[in-house]
>>> print(open('model.pdb').read())   # PDB, C-alpha atoms
ATOM      1  CA  MET A 111       0.000   0.000   0.000
ATOM      2  CA  ALA A 112       2.944   2.318   0.606
ATOM      3  CA  LEU A 113       3.737   2.140  -3.116
ATOM      4  CA  LEU A 114       0.158   2.708  -4.300
ATOM      5  CA  LYS A 115       0.130   6.489  -3.866
ATOM      6  CA  PRO A 116       3.410   7.127  -5.765
ATOM      7  CA  PHE A 117       2.304   4.651  -8.452
ATOM      8  CA  LEU A 118      -0.980   6.519  -8.958
ATOM      9  CA  LYS A 119       0.979   9.770  -9.235
ATOM     10  CA  LEU A 120       3.349   8.167 -11.719
ATOM     11  CA  ILE A 121       0.517   7.102 -14.043
ATOM     12  CA  ARG A 122      -1.214  10.530 -13.670
ATOM     13  CA  TRP A 123      -4.500   9.043 -12.450
ATOM     14  CA  PRO A 124      -6.493  12.307 -12.929
ATOM     15  CA  ASN A 125      -5.520  12.273 -16.619
ATOM     16  CA  LEU A 126      -6.627   8.656 -16.885
ATOM     17  CA  VAL A 127      -9.980   9.566 -15.331
ATOM     18  CA  PHE A 128     -10.233  12.307 -17.974
ATOM     19  CA  ILE A 129      -9.677   9.744 -20.750
ATOM     20  CA  VAL A 130     -12.383   7.494 -19.290
ATOM     21  CA  LEU A 131     -14.780  10.434 -18.962
ATOM     22  CA  THR A 132     -14.162  11.511 -22.560
ATOM     23  CA  GLN A 133     -14.867   8.085 -23.989
ATOM     24  CA  VAL A 134     -17.856   7.439 -21.709
ATOM     25  CA  VAL A 135     -19.654  10.692 -22.543
ATOM     26  CA  PHE A 136     -18.960  10.207 -26.271
ATOM     27  CA  GLU A 137     -20.404   6.693 -26.105
ATOM     28  CA  PHE A 138     -23.469   7.475 -23.994
ATOM     29  CA  CYS A 139     -24.243  11.077 -24.983
ATOM     30  CA  ILE A 140     -23.376  11.002 -28.694
ATOM     31  CA  TYR A 141     -23.277   7.470 -30.126
ATOM     32  CA  ARG A 142     -26.115   5.837 -28.198
ATOM     33  CA  PRO A 143     -28.655   8.670 -28.610
ATOM     34  CA  ILE A 144     -27.957   8.671 -32.361
ATOM     35  CA  TYR A 145     -28.493   4.909 -32.581
ATOM     36  CA  ALA A 146     -31.195   4.603 -29.916
ATOM     37  CA  GLY A 147     -32.750   1.148 -30.068
ATOM     38  CA  ASN A 148     -30.143  -0.184 -32.512
ATOM     39  CA  ILE A 149     -27.205  -0.918 -30.213
ATOM     40  CA  PRO A 150     -25.746  -4.466 -30.519
ATOM     41  CA  GLU A 151     -25.839  -6.445 -27.273
ATOM     42  CA  HIS A 152     -22.074  -6.949 -27.246
ATOM     43  CA  ASN A 153     -21.427  -3.208 -27.609
ATOM     44  CA  THR A 154     -21.059  -2.456 -23.891
ATOM     45  CA  PHE A 155     -18.497  -5.228 -23.369
ATOM     46  CA  GLN A 156     -16.532  -4.054 -26.402
ATOM     47  CA  PHE A 157     -16.664  -0.449 -25.225
ATOM     48  CA  VAL A 158     -15.465  -1.255 -21.685
ATOM     49  CA  LEU A 159     -12.497  -3.193 -23.045
ATOM     50  CA  LEU A 160     -11.551  -0.334 -25.381
ATOM     51  CA  VAL A 161     -11.687   2.126 -22.475
ATOM     52  CA  VAL A 162      -9.517  -0.185 -20.372
ATOM     53  CA  ALA A 163      -7.095  -0.506 -23.299
ATOM     54  CA  SER A 164      -6.874   3.286 -23.619
ATOM     55  CA  VAL A 165      -6.206   3.652 -19.887
ATOM     56  CA  PHE A 166      -3.509   0.961 -19.876
ATOM     57  CA  ILE A 167      -1.710   2.413 -22.902
ATOM     58  CA  ALA A 168      -1.878   5.968 -21.553
ATOM     59  CA  ALA A 169      -0.632   4.848 -18.108
ATOM     60  CA  ALA A 170       2.266   3.019 -19.756
ATOM     61  CA  GLY A 171       3.024   6.198 -21.714
ATOM     62  CA  TYR A 172       3.195   8.322 -18.564
ATOM     63  CA  ILE A 173       5.514   5.787 -16.932
ATOM     64  CA  ILE A 174       7.957   5.662 -19.836
ATOM     65  CA  ASN A 175       7.859   9.455 -20.107
ATOM     66  CA  ASP A 176       9.049   9.813 -16.506
ATOM     67  CA  TYR A 177      11.572   7.008 -17.089
ATOM     68  CA  PHE A 178      13.333   9.017 -19.798
ATOM     69  CA  ASP A 179      12.777  12.403 -18.119
ATOM     70  CA  ILE A 180      14.468  11.807 -14.772
ATOM     71  CA  ASN A 181      17.323  14.269 -15.373
ATOM     72  CA  ILE A 182      15.075  16.980 -16.830
ATOM     73  CA  ASP A 183      12.541  16.594 -14.022
ATOM     74  CA  LEU A 184      15.306  17.072 -11.461
ATOM     75  CA  VAL A 185      15.536  20.642 -12.801
ATOM     76  CA  ASN A 186      11.919  21.416 -13.726
ATOM     77  CA  LYS A 187      10.006  19.734 -10.878
ATOM     78  CA  PRO A 188      12.349  18.160  -8.299
ATOM     79  CA  ASP A 189       9.629  18.161  -5.625
ATOM     80  CA  LYS A 190       7.419  15.901  -7.776
ATOM     81  CA  MET A 191      10.019  13.241  -8.567
ATOM     82  CA  ILE A 192       8.857   9.662  -8.074
ATOM     83  CA  LEU A 193      11.277   7.419  -9.981
ATOM     84  CA  ASP A 194      14.584   6.757  -8.215
ATOM     85  CA  ARG A 195      13.088   8.215  -5.038
ATOM     86  CA  LYS A 196       9.968   6.187  -4.302
ATOM     87  CA  LEU A 197       9.925   3.692  -7.159
ATOM     88  CA  SER A 198      12.814   2.074  -9.005
ATOM     89  CA  ARG A 199      13.376   2.600 -12.733
ATOM     90  CA  ARG A 200      13.565  -1.153 -13.362
ATOM     91  CA  TRP A 201      10.195  -1.616 -11.657
ATOM     92  CA  ALA A 202       8.713   1.228 -13.734
ATOM     93  CA  LEU A 203      10.000  -0.272 -16.993
ATOM     94  CA  ALA A 204       8.404  -3.613 -16.143
ATOM     95  CA  TRP A 205       5.066  -1.895 -15.475
ATOM     96  CA  HIS A 206       5.344   0.004 -18.775
ATOM     97  CA  LEU A 207       5.821  -3.200 -20.746
ATOM     98  CA  GLY A 208       3.074  -5.023 -18.834
ATOM     99  CA  LEU A 209       0.490  -2.261 -19.211
ATOM    100  CA  SER A 210       1.326  -1.773 -22.897
ATOM    101  CA  ALA A 211       0.887  -5.493 -23.581
ATOM    102  CA  ALA A 212      -2.363  -5.551 -21.584
ATOM    103  CA  GLY A 213      -3.669  -2.605 -23.605
ATOM    104  CA  ILE A 214      -2.998  -4.356 -26.911
ATOM    105  CA  ILE A 215      -4.566  -7.605 -25.661
ATOM    106  CA  CYS A 216      -7.695  -5.755 -24.484
ATOM    107  CA  THR A 217      -7.973  -4.091 -27.899
ATOM    108  CA  ALA A 218      -7.673  -7.446 -29.689
ATOM    109  CA  ILE A 219     -10.364  -8.988 -27.468
ATOM    110  CA  ALA A 220     -12.692  -5.987 -27.820
ATOM    111  CA  VAL A 221     -12.805  -5.867 -31.606
ATOM    112  CA  ASN A 222     -13.288  -8.421 -34.327
ATOM    113  CA  VAL A 223      -9.636  -8.786 -35.267
ATOM    114  CA  PHE A 224     -10.425  -9.985 -38.785
ATOM    115  CA  ALA A 225     -12.760  -7.064 -39.506
ATOM    116  CA  ARG A 226     -10.996  -4.409 -37.429
ATOM    117  CA  TRP A 227      -7.360  -5.545 -37.319
ATOM    118  CA  TYR A 228      -6.368  -1.954 -38.015
ATOM    119  CA  LEU A 229      -7.501  -0.892 -34.526
ATOM    120  CA  VAL A 230      -5.121  -3.375 -32.909
ATOM    121  CA  ILE A 231      -2.319  -2.138 -35.170
ATOM    122  CA  ALA A 232      -3.268   1.490 -34.426
ATOM    123  CA  ASN A 233      -3.052   0.974 -30.658
ATOM    124  CA  LEU A 234       0.248  -0.835 -31.124
ATOM    125  CA  VAL A 235       1.468   2.197 -33.060
ATOM    126  CA  CYS A 236       0.316   4.368 -30.120
ATOM    127  CA  VAL A 237       2.504   2.322 -27.779
ATOM    128  CA  VAL A 238       5.497   2.669 -30.098
ATOM    129  CA  LEU A 239       4.903   6.394 -30.572
ATOM    130  CA  LEU A 240       4.711   6.948 -26.815
ATOM    131  CA  TRP A 241       8.056   5.186 -26.385
ATOM    132  CA  PHE A 242       9.802   7.193 -29.103
ATOM    133  CA  TYR A 243       8.081  10.389 -27.998
ATOM    134  CA  SER A 244       9.510   9.952 -24.512
ATOM    135  CA  ALA A 245      12.924   8.823 -25.711
ATOM    136  CA  ARG A 246      13.402  11.367 -28.486
ATOM    137  CA  PHE A 247      10.539  13.213 -30.174
ATOM    138  CA  LYS A 248       9.490  15.360 -27.199
ATOM    139  CA  LYS A 249      12.932  16.958 -27.336
ATOM    140  CA  ASP A 250      12.513  17.982 -30.987
ATOM    141  CA  LEU A 251      10.753  20.926 -32.550
ATOM    142  CA  LEU A 252       6.986  20.443 -33.037
ATOM    143  CA  ILE A 253       6.969  16.691 -33.723
ATOM    144  CA  GLY A 254       6.474  15.773 -30.061
ATOM    145  CA  ASN A 255       3.608  18.257 -29.709
ATOM    146  CA  ILE A 256       1.909  16.868 -32.808
ATOM    147  CA  ILE A 257       2.234  13.271 -31.578
ATOM    148  CA  VAL A 258       0.644  14.089 -28.198
ATOM    149  CA  SER A 259      -2.175  16.006 -29.901
ATOM    150  CA  LEU A 260      -2.874  13.162 -32.322
ATOM    151  CA  LEU A 261      -2.944  10.635 -29.485
ATOM    152  CA  THR A 262      -5.359  12.864 -27.565
ATOM    153  CA  ALA A 263      -7.693  13.010 -30.567
ATOM    154  CA  TRP A 264      -7.320   9.239 -31.017
ATOM    155  CA  THR A 265      -9.149   8.548 -27.731
ATOM    156  CA  ILE A 266     -12.309   9.785 -29.477
ATOM    157  CA  ILE A 267     -11.600   8.505 -32.977
ATOM    158  CA  ILE A 268     -11.108   4.904 -31.815
ATOM    159  CA  ILE A 269     -14.620   4.834 -30.350
ATOM    160  CA  PHE A 270     -16.050   5.888 -33.723
ATOM    161  CA  LEU A 271     -13.941   3.399 -35.699
ATOM    162  CA  SER A 272     -14.864   0.566 -33.341
ATOM    163  CA  LYS A 273     -18.494   0.852 -34.434
ATOM    164  CA  TYR A 274     -17.870  -0.037 -38.088
ATOM    165  CA  SER A 275     -15.559  -2.137 -40.153
ATOM    166  CA  LEU A 276     -13.897  -0.179 -42.953
ATOM    167  CA  GLN A 277     -15.724  -2.260 -45.535
ATOM    168  CA  HIS A 278     -19.080  -1.485 -43.898
ATOM    169  CA  ALA A 279     -18.212   2.188 -43.574
ATOM    170  CA  PHE A 280     -17.628   2.601 -47.301
ATOM    171  CA  ASN A 281     -20.370   0.333 -48.613
ATOM    172  CA  HIS A 282     -23.276   1.032 -46.223
ATOM    173  CA  ILE A 283     -23.257   4.666 -45.153
ATOM    174  CA  ASP A 284     -26.367   5.569 -43.147
ATOM    175  CA  PRO A 285     -27.545   8.968 -41.800
ATOM    176  CA  GLY A 286     -26.616   8.017 -38.232
ATOM    177  CA  GLN A 287     -23.086   7.207 -39.306
ATOM    178  CA  ILE A 288     -22.748  10.599 -40.984
ATOM    179  CA  ARG A 289     -23.944  12.385 -37.834
ATOM    180  CA  LEU A 290     -21.602  10.364 -35.643
ATOM    181  CA  PHE A 291     -18.712  11.110 -38.011
ATOM    182  CA  ARG A 292     -19.418  14.853 -37.756
ATOM    183  CA  PHE A 293     -19.389  14.737 -33.961
ATOM    184  CA  THR A 294     -16.195  12.680 -34.057
ATOM    185  CA  ILE A 295     -14.440  15.254 -36.249
ATOM    186  CA  LEU A 296     -15.773  18.097 -34.090
ATOM    187  CA  TYR A 297     -14.523  16.731 -30.772
ATOM    188  CA  ALA A 298     -11.367  15.080 -32.067
ATOM    189  CA  GLY A 299     -10.463  18.342 -33.820
ATOM    190  CA  PHE A 300     -11.121  20.305 -30.638
ATOM    191  CA  ALA A 301      -8.964  17.884 -28.624
ATOM    192  CA  PHE A 302      -6.168  18.076 -31.211
ATOM    193  CA  ILE A 303      -6.006  21.877 -31.369
ATOM    194  CA  ILE A 304      -6.285  22.527 -27.642
ATOM    195  CA  SER A 305      -3.595  19.890 -27.030
ATOM    196  CA  LEU A 306      -1.298  21.710 -29.463
ATOM    197  CA  ILE A 307      -1.902  24.867 -27.435
ATOM    198  CA  ARG A 308      -1.259  23.210 -24.080
ATOM    199  CA  GLU A 309       1.882  21.392 -25.222
ATOM    200  CA  ALA A 310       3.409  24.660 -26.480
ATOM    201  CA  VAL A 311       2.632  26.383 -23.164
ATOM    202  CA  LYS A 312       4.163  23.445 -21.274
ATOM    203  CA  ASP A 313       7.296  23.757 -23.429
ATOM    204  CA  ILE A 314       7.713  27.338 -22.229
ATOM    205  CA  GLU A 315       7.125  26.238 -18.631
ATOM    206  CA  ASP A 316       9.755  23.471 -18.948
ATOM    207  CA  MET A 317      12.427  25.582 -20.667
ATOM    208  CA  PRO A 318      15.006  25.576 -17.810
ATOM    209  CA  GLY A 319      15.399  21.792 -17.722
ATOM    210  CA  ASP A 320      14.961  21.373 -21.484
ATOM    211  CA  GLN A 321      17.731  23.883 -22.230
ATOM    212  CA  LYS A 322      20.130  22.232 -19.812
ATOM    213  CA  PHE A 323      19.811  18.863 -21.546
ATOM    214  CA  GLY A 324      19.923  20.020 -25.157
ATOM    215  CA  CYS A 325      16.249  19.811 -26.106
ATOM    216  CA  LYS A 326      15.108  21.688 -29.212
ATOM    217  CA  THR A 327      11.575  22.579 -28.233
ATOM    218  CA  MET A 328       9.712  25.498 -29.744
ATOM    219  CA  PRO A 329      10.580  28.220 -27.194
ATOM    220  CA  ILE A 330      14.249  27.181 -27.249
ATOM    221  CA  VAL A 331      14.524  27.196 -31.052
ATOM    222  CA  TRP A 332      12.090  30.013 -31.901
ATOM    223  CA  GLY A 333      12.089  31.985 -28.673
ATOM    224  CA  ILE A 334       9.304  32.649 -26.174
ATOM    225  CA  ASN A 335       7.698  35.498 -28.130
ATOM    226  CA  ALA A 336       7.455  33.447 -31.328
ATOM    227  CA  THR A 337       5.975  30.561 -29.347
ATOM    228  CA  LYS A 338       3.379  32.934 -27.909
ATOM    229  CA  VAL A 339       2.462  33.983 -31.447
ATOM    230  CA  TYR A 340       2.105  30.304 -32.405
ATOM    231  CA  VAL A 341      -0.218  29.706 -29.418
ATOM    232  CA  THR A 342      -2.306  32.813 -30.074
ATOM    233  CA  VAL A 343      -2.787  31.782 -33.719
ATOM    234  CA  TRP A 344      -4.155  28.398 -32.651
ATOM    235  CA  LEU A 345      -6.278  30.017 -29.949
ATOM    236  CA  THR A 346      -7.731  32.394 -32.527
ATOM    237  CA  ILE A 347      -8.481  29.547 -34.943
ATOM    238  CA  LEU A 348     -10.148  27.517 -32.195
ATOM    239  CA  ILE A 349     -12.269  30.416 -30.933
ATOM    240  CA  ILE A 350     -13.412  31.329 -34.460
ATOM    241  CA  MET A 351     -14.287  27.693 -35.200
ATOM    242  CA  LEU A 352     -16.324  27.436 -31.993
ATOM    243  CA  LEU A 353     -18.209  30.645 -32.766
ATOM    244  CA  VAL A 354     -18.981  29.502 -36.317
ATOM    245  CA  ILE A 355     -20.293  26.187 -34.954
ATOM    246  CA  GLN A 356     -22.534  28.069 -32.506
ATOM    247  CA  PHE A 357     -24.089  30.089 -35.341
ATOM    248  CA  TYR A 358     -24.753  26.800 -37.124
ATOM    249  CA  VAL A 359     -26.270  25.246 -33.995
ATOM    250  CA  LEU A 360     -28.571  28.228 -33.484
ATOM    251  CA  GLN A 361     -30.742  27.135 -36.415
ATOM    252  CA  PHE A 362     -31.744  24.058 -34.357
ATOM    253  CA  ARG A 363     -32.643  26.285 -31.364
ATOM    254  CA  TRP A 364     -30.204  24.469 -29.108
ATOM    255  CA  TRP A 365     -30.032  27.483 -26.804
ATOM    256  CA  TRP A 366     -28.476  25.813 -23.773
ATOM    257  CA  ALA A 367     -25.718  24.287 -25.888
ATOM    258  CA  VAL A 368     -24.868  27.697 -27.355
ATOM    259  CA  ILE A 369     -24.897  29.403 -23.945
ATOM    260  CA  TYR A 370     -22.761  26.667 -22.403
ATOM    261  CA  CYS A 371     -20.211  26.757 -25.223
ATOM    262  CA  PHE A 372     -19.821  30.517 -25.027
ATOM    263  CA  VAL A 373     -19.660  30.769 -21.220
ATOM    264  CA  ALA A 374     -17.724  27.580 -20.401
ATOM    265  CA  ILE A 375     -15.401  27.274 -23.419
ATOM    266  CA  VAL A 376     -15.078  30.467 -25.480
ATOM    267  CA  VAL A 377     -14.794  32.878 -22.535
ATOM    268  CA  PRO A 378     -12.091  30.770 -20.792
ATOM    269  CA  LEU A 379     -10.162  30.577 -24.074
ATOM    270  CA  LEU A 380     -10.343  34.372 -24.383
ATOM    271  CA  TYR A 381      -9.070  34.640 -20.800
ATOM    272  CA  ILE A 382      -6.167  32.305 -21.637
ATOM    273  CA  PHE A 383      -5.434  34.480 -24.686
ATOM    274  CA  LYS A 384      -5.245  37.583 -22.505
ATOM    275  CA  LYS A 385      -3.156  35.965 -19.750
ATOM    276  CA  LEU A 386      -0.718  34.500 -22.261
ATOM    277  CA  LEU A 387       0.217  37.919 -23.638
ATOM    278  CA  ASN A 388       1.386  39.105 -20.200
ATOM    279  CA  ALA A 389       2.793  35.838 -18.828
ATOM    280  CA  GLN A 390       6.452  35.953 -17.766
ATOM    281  CA  SER A 391       7.203  33.490 -14.968
ATOM    282  CA  THR A 392       7.239  29.693 -14.873
ATOM    283  CA  HIS A 393       4.377  29.821 -12.373
ATOM    284  CA  GLU A 394       2.234  31.858 -14.785
ATOM    285  CA  TYR A 395       2.859  29.386 -17.605
ATOM    286  CA  HIS A 396       1.979  26.517 -15.270
ATOM    287  CA  GLN A 397      -1.308  28.264 -14.497
ATOM    288  CA  LEU A 398      -1.985  28.730 -18.216
ATOM    289  CA  SER A 399      -1.365  25.029 -18.792
ATOM    290  CA  SER A 400      -3.905  24.237 -16.054
ATOM    291  CA  TYR A 401      -6.442  26.702 -17.500
ATOM    292  CA  THR A 402      -6.056  25.090 -20.928
ATOM    293  CA  LYS A 403      -6.663  21.666 -19.416
ATOM    294  CA  MET A 404      -9.828  22.997 -17.750
ATOM    295  CA  ALA A 405     -11.021  24.396 -21.107
ATOM    296  CA  MET A 406     -10.485  20.944 -22.607
ATOM    297  CA  PHE A 407     -12.492  19.463 -19.734
ATOM    298  CA  THR A 408     -15.453  21.835 -20.205
ATOM    299  CA  GLY A 409     -15.282  21.223 -23.948
ATOM    300  CA  ILE A 410     -15.590  17.473 -23.482
ATOM    301  CA  LEU A 411     -18.418  17.930 -20.964
ATOM    302  CA  SER A 412     -20.423  19.776 -23.630
ATOM    303  CA  MET A 413     -21.267  16.317 -25.018
ATOM    304  CA  LEU A 414     -23.638  15.932 -22.064
ATOM    305  CA  LEU A 415     -25.881  18.595 -23.591
ATOM    306  CA  PHE A 416     -26.274  16.640 -26.805
ATOM    307  CA  TYR A 417     -27.840  13.812 -24.820
ATOM    308  CA  ILE A 418     -30.792  16.205 -24.385
ATOM    309  CA  TYR A 419     -31.021  17.267 -28.022
ATOM    310  CA  LEU A 420     -30.166  14.119 -30.022
TER     311      LEU A 420
END
>>> encode(input="model.pdb", output="structure tokens")
Amino acid sequence: MALLKPFLKLIRWPNLVFIVLTQVVFEFCIYRPIYAGNIPEHNTFQFVLLVVASVFIAAAGYIINDYFDINIDLVNKPDKMILDRKLSRRWALAWHLGLSAAGIICTAIAVNVFARWYLVIANLVCVVLLWFYSARFKKDLLIGNIIVSLLTAWTIIIIFLSKYSLQHAFNHIDPGQIRLFRFTILYAGFAFIISLIREAVKDIEDMPGDQKFGCKTMPIVWGINATKVYVTVWLTILIIMLLVIQFYVLQFRWWWAVIYCFVAIVVPLLYIFKKLLNAQSTHEYHQLSSYTKMAMFTGILSMLLFYIYL
């Protein structure tokens, strides 16, 4: 039991809860209302296994990230160190391999491997990407940020792809599938863009340790001001996209959805925009990273409203 608390910190349990919440609300507030009365009996079992697979793979990713980041974390966050202080690196590596394997096995059991073999391969690719991200890509310009953002969007995309085989998707397109695809693109796109924003802000926050160990992240290569411009461009794109979507939604008289989106997502993003321009200290960038995560959280929770309207 003495090791449970540091282990939960190592695997970032709040982030894992966020992954579960994202997939659960997409399943029960988007997919099931669209296909009310036409859900296969095995769907719940398949869904639970896919969620477990996502959690295992993400947890393994957090472990291997800390495994490779020990020296950098000694500079950036020495008070939060777990490996080599509370847990051994060898023990962590064993857990990474075990959780990764368990995630792939759960994926293979959840889906029809012959019809949806690509989902097993895709999750295997996620495991490989998380390893190379931690070992190398996170230290390079942009590529690490893009990988994390794609993997964040994948937590939504895999739920959509698990509902259809590729052959069925191309040969038997139904109205429900088109609606589900639109929601998938909407939320996966939101997750991708806001992750790009957060990863860039985190790069600024982590500059001291990254510089010391030769990383080539955006603020180190381009400078802090250029990185701020990059973030503000993505913030602007995201805010404009959200406002355009709200004007589209208005024609359906989904008033509560529009009000929620503006108050709980757009306004916080505008606040982040303003705070970013004046941010100077590591503490301020850490706060911005937390605010961005909260905006992602409220964005995902907006799916709950569609349970009312769909």
>>> residues_around(input="model.pdb", residues="range 212-217 of chain A", least_positions_apart="3", cutoff="12 Å", atoms="all atoms listed in the file", output="count of residues only")
42
>>> atom_distance(input="model.pdb", atom1="CA of Ala218 in chain A", atom2="CA of Ala204 in chain A")
21.4 Å
>>> atom_distance(input="model.pdb", atom1="CA of Leu411 in chain A", atom2="CA of Thr265 in chain A")
14.8 Å
>>> atom_distance(input="model.pdb", atom1="CA of Ile266 in chain A", atom2="CA of Thr294 in chain A")
6.7 Å
>>> resolve_selection(input="model.pdb", expression="the PyMOL selection byres ((chain A and resi 387) around 10)", output="ChimeraX atom specification")
/A:335,338-339,342,382-386,388-390
>>> write_last_selection(input="model.pdb", atoms="C-alpha atoms", output="CSV table (one decimal), keeping the file's coordinate frame")
chain,number,residue,atom,x,y,z
A,335,ASN,CA,7.7,35.5,-28.1
A,338,LYS,CA,3.4,32.9,-27.9
A,339,VAL,CA,2.5,34.0,-31.4
A,342,THR,CA,-2.3,32.8,-30.1
A,382,ILE,CA,-6.2,32.3,-21.6
A,383,PHE,CA,-5.4,34.5,-24.7
A,384,LYS,CA,-5.2,37.6,-22.5
A,385,LYS,CA,-3.2,36.0,-19.8
A,386,LEU,CA,-0.7,34.5,-22.3
A,388,ASN,CA,1.4,39.1,-20.2
A,389,ALA,CA,2.8,35.8,-18.8
A,390,GLN,CA,6.5,36.0,-17.8
>>> resolve_selection(input="model.pdb", expression="the PyMOL selection byres ((chain A and resi 175) around 10)", output="ChimeraX atom specification")
/A:120-121,169-174,176-180,206,240-245,248
>>> resolve_selection(input="model.pdb", expression="the PyMOL selection byres ((chain A and resi 415-417) around 12)", output="ChimeraX atom specification")
/A:135-146,290,293,359,362,364-371,408-414,418-420
>>> write_last_selection(input="model.pdb", atoms="C-alpha atoms", output="mmCIF file, keeping the file's coordinate frame")
data_model
loop_
_atom_site.group_PDB
_atom_site.id
_atom_site.type_symbol
_atom_site.label_atom_id
_atom_site.label_comp_id
_atom_site.auth_asym_id
_atom_site.auth_seq_id
_atom_site.Cartn_x
_atom_site.Cartn_y
_atom_site.Cartn_z
ATOM 1 C CA VAL A 135 -19.654 10.692 -22.543
ATOM 2 C CA PHE A 136 -18.960 10.207 -26.271
ATOM 3 C CA GLU A 137 -20.404 6.693 -26.105
ATOM 4 C CA PHE A 138 -23.469 7.475 -23.994
ATOM 5 C CA CYS A 139 -24.243 11.077 -24.983
ATOM 6 C CA ILE A 140 -23.376 11.002 -28.694
ATOM 7 C CA TYR A 141 -23.277 7.470 -30.126
ATOM 8 C CA ARG A 142 -26.115 5.837 -28.198
ATOM 9 C CA PRO A 143 -28.655 8.670 -28.610
ATOM 10 C CA ILE A 144 -27.957 8.671 -32.361
ATOM 11 C CA TYR A 145 -28.493 4.909 -32.581
ATOM 12 C CA ALA A 146 -31.195 4.603 -29.916
ATOM 13 C CA LEU A 290 -21.602 10.364 -35.643
ATOM 14 C CA PHE A 293 -19.389 14.737 -33.961
ATOM 15 C CA VAL A 359 -26.270 25.246 -33.995
ATOM 16 C CA PHE A 362 -31.744 24.058 -34.357
ATOM 17 C CA TRP A 364 -30.204 24.469 -29.108
ATOM 18 C CA TRP A 365 -30.032 27.483 -26.804
ATOM 19 C CA TRP A 366 -28.476 25.813 -23.773
ATOM 20 C CA ALA A 367 -25.718 24.287 -25.888
ATOM 21 C CA VAL A 368 -24.868 27.697 -27.355
ATOM 22 C CA ILE A 369 -24.897 29.403 -23.945
ATOM 23 C CA TYR A 370 -22.761 26.667 -22.403
ATOM 24 C CA CYS A 371 -20.211 26.757 -25.223
ATOM 25 C CA THR A 408 -15.453 21.835 -20.205
ATOM 26 C CA GLY A 409 -15.282 21.223 -23.948
ATOM 27 C CA ILE A 410 -15.590 17.473 -23.482
ATOM 28 C CA LEU A 411 -18.418 17.930 -20.964
ATOM 29 C CA SER A 412 -20.423 19.776 -23.630
ATOM 30 C CA MET A 413 -21.267 16.317 -25.018
ATOM 31 C CA LEU A 414 -23.638 15.932 -22.064
ATOM 32 C CA ILE A 418 -30.792 16.205 -24.385
ATOM 33 C CA TYR A 419 -31.021 17.267 -28.022
ATOM 34 C CA LEU A 420 -30.166 14.119 -30.022
#
>>> axis_aligned_box(input="model.pdb", around="range 340-353 of chain A", padding_each_side="8 Å", output="JSON")
{"center_x": -8.1, "center_y": 30.1, "center_z": -32.3, "size_x": 36.3, "size_y": 21.4, "size_z": 21.8}
>>> closest_residue(input="model.pdb", among="A:Ala211, A:Ala310, A:Ile375, A:Leu271", to="Met351 in chain A", atoms="only C-alpha atoms")
A:Ile375
>>> residues_around(input="model.pdb", residues="Lys326 in chain A", least_positions_apart="5", cutoff="10 Å", atoms="all atoms listed in the file", output="VMD selection string")
chain A and resid 247 to 252 313 317 320 to 321 331 to 332
>>> closest_residue(input="model.pdb", among="A:Cys325, A:Leu184, A:Met406, A:Leu352", to="Leu131 in chain A", atoms="only C-alpha atoms")
A:Met406
>>> decode(input="model.pdb", residues="range 343-350 of chain A", atoms="N, CA, C and O atoms", output="PDB file, in the first residue's frame")
ATOM      1  N   VAL A 343      -2.198  32.131 -32.414  1.00  0.00           N
ATOM      2  CA  VAL A 343      -2.787  31.782 -33.719  1.00  0.00           C
ATOM      3  C   VAL A 343      -3.735  30.600 -33.560  1.00  0.00           C
ATOM      4  O   VAL A 343      -4.877  30.632 -34.059  1.00  0.00           O
ATOM      5  N   TRP A 344      -3.292  29.562 -32.849  1.00  0.00           N
ATOM      6  CA  TRP A 344      -4.155  28.398 -32.651  1.00  0.00           C
ATOM      7  C   TRP A 344      -5.358  28.728 -31.776  1.00  0.00           C
ATOM      8  O   TRP A 344      -6.466  28.226 -32.010  1.00  0.00           O
ATOM      9  N   LEU A 345      -5.152  29.579 -30.769  1.00  0.00           N
ATOM     10  CA  LEU A 345      -6.278  30.017 -29.949  1.00  0.00           C
ATOM     11  C   LEU A 345      -7.312  30.756 -30.790  1.00  0.00           C
ATOM     12  O   LEU A 345      -8.521  30.543 -30.646  1.00  0.00           O
ATOM     13  N   THR A 346      -6.829  31.625 -31.654  1.00  0.00           N
ATOM     14  CA  THR A 346      -7.731  32.394 -32.527  1.00  0.00           C
ATOM     15  C   THR A 346      -8.516  31.470 -33.450  1.00  0.00           C
ATOM     16  O   THR A 346      -9.733  31.611 -33.612  1.00  0.00           O
ATOM     17  N   ILE A 347      -7.820  30.504 -34.049  1.00  0.00           N
ATOM     18  CA  ILE A 347      -8.481  29.547 -34.943  1.00  0.00           C
ATOM     19  C   ILE A 347      -9.550  28.768 -34.181  1.00  0.00           C
ATOM     20  O   ILE A 347     -10.681  28.593 -34.666  1.00  0.00           O
ATOM     21  N   LEU A 348      -9.204  28.311 -32.986  1.00  0.00           N
ATOM     22  CA  LEU A 348     -10.148  27.517 -32.195  1.00  0.00           C
ATOM     23  C   LEU A 348     -11.366  28.335 -31.789  1.00  0.00           C
ATOM     24  O   LEU A 348     -12.516  27.854 -31.894  1.00  0.00           O
ATOM     25  N   ILE A 349     -11.148  29.557 -31.346  1.00  0.00           N
ATOM     26  CA  ILE A 349     -12.269  30.416 -30.933  1.00  0.00           C
ATOM     27  C   ILE A 349     -13.182  30.716 -32.112  1.00  0.00           C
ATOM     28  O   ILE A 349     -14.420  30.643 -31.995  1.00  0.00           O
ATOM     29  N   ILE A 350     -12.605  31.039 -33.262  1.00  0.00           N
ATOM     30  CA  ILE A 350     -13.412  31.329 -34.460  1.00  0.00           C
ATOM     31  C   ILE A 350     -14.220  30.095 -34.864  1.00  0.00           C
ATOM     32  O   ILE A 350     -15.415  30.195 -35.192  1.00  0.00           O
TER      33      ILE A 350
END
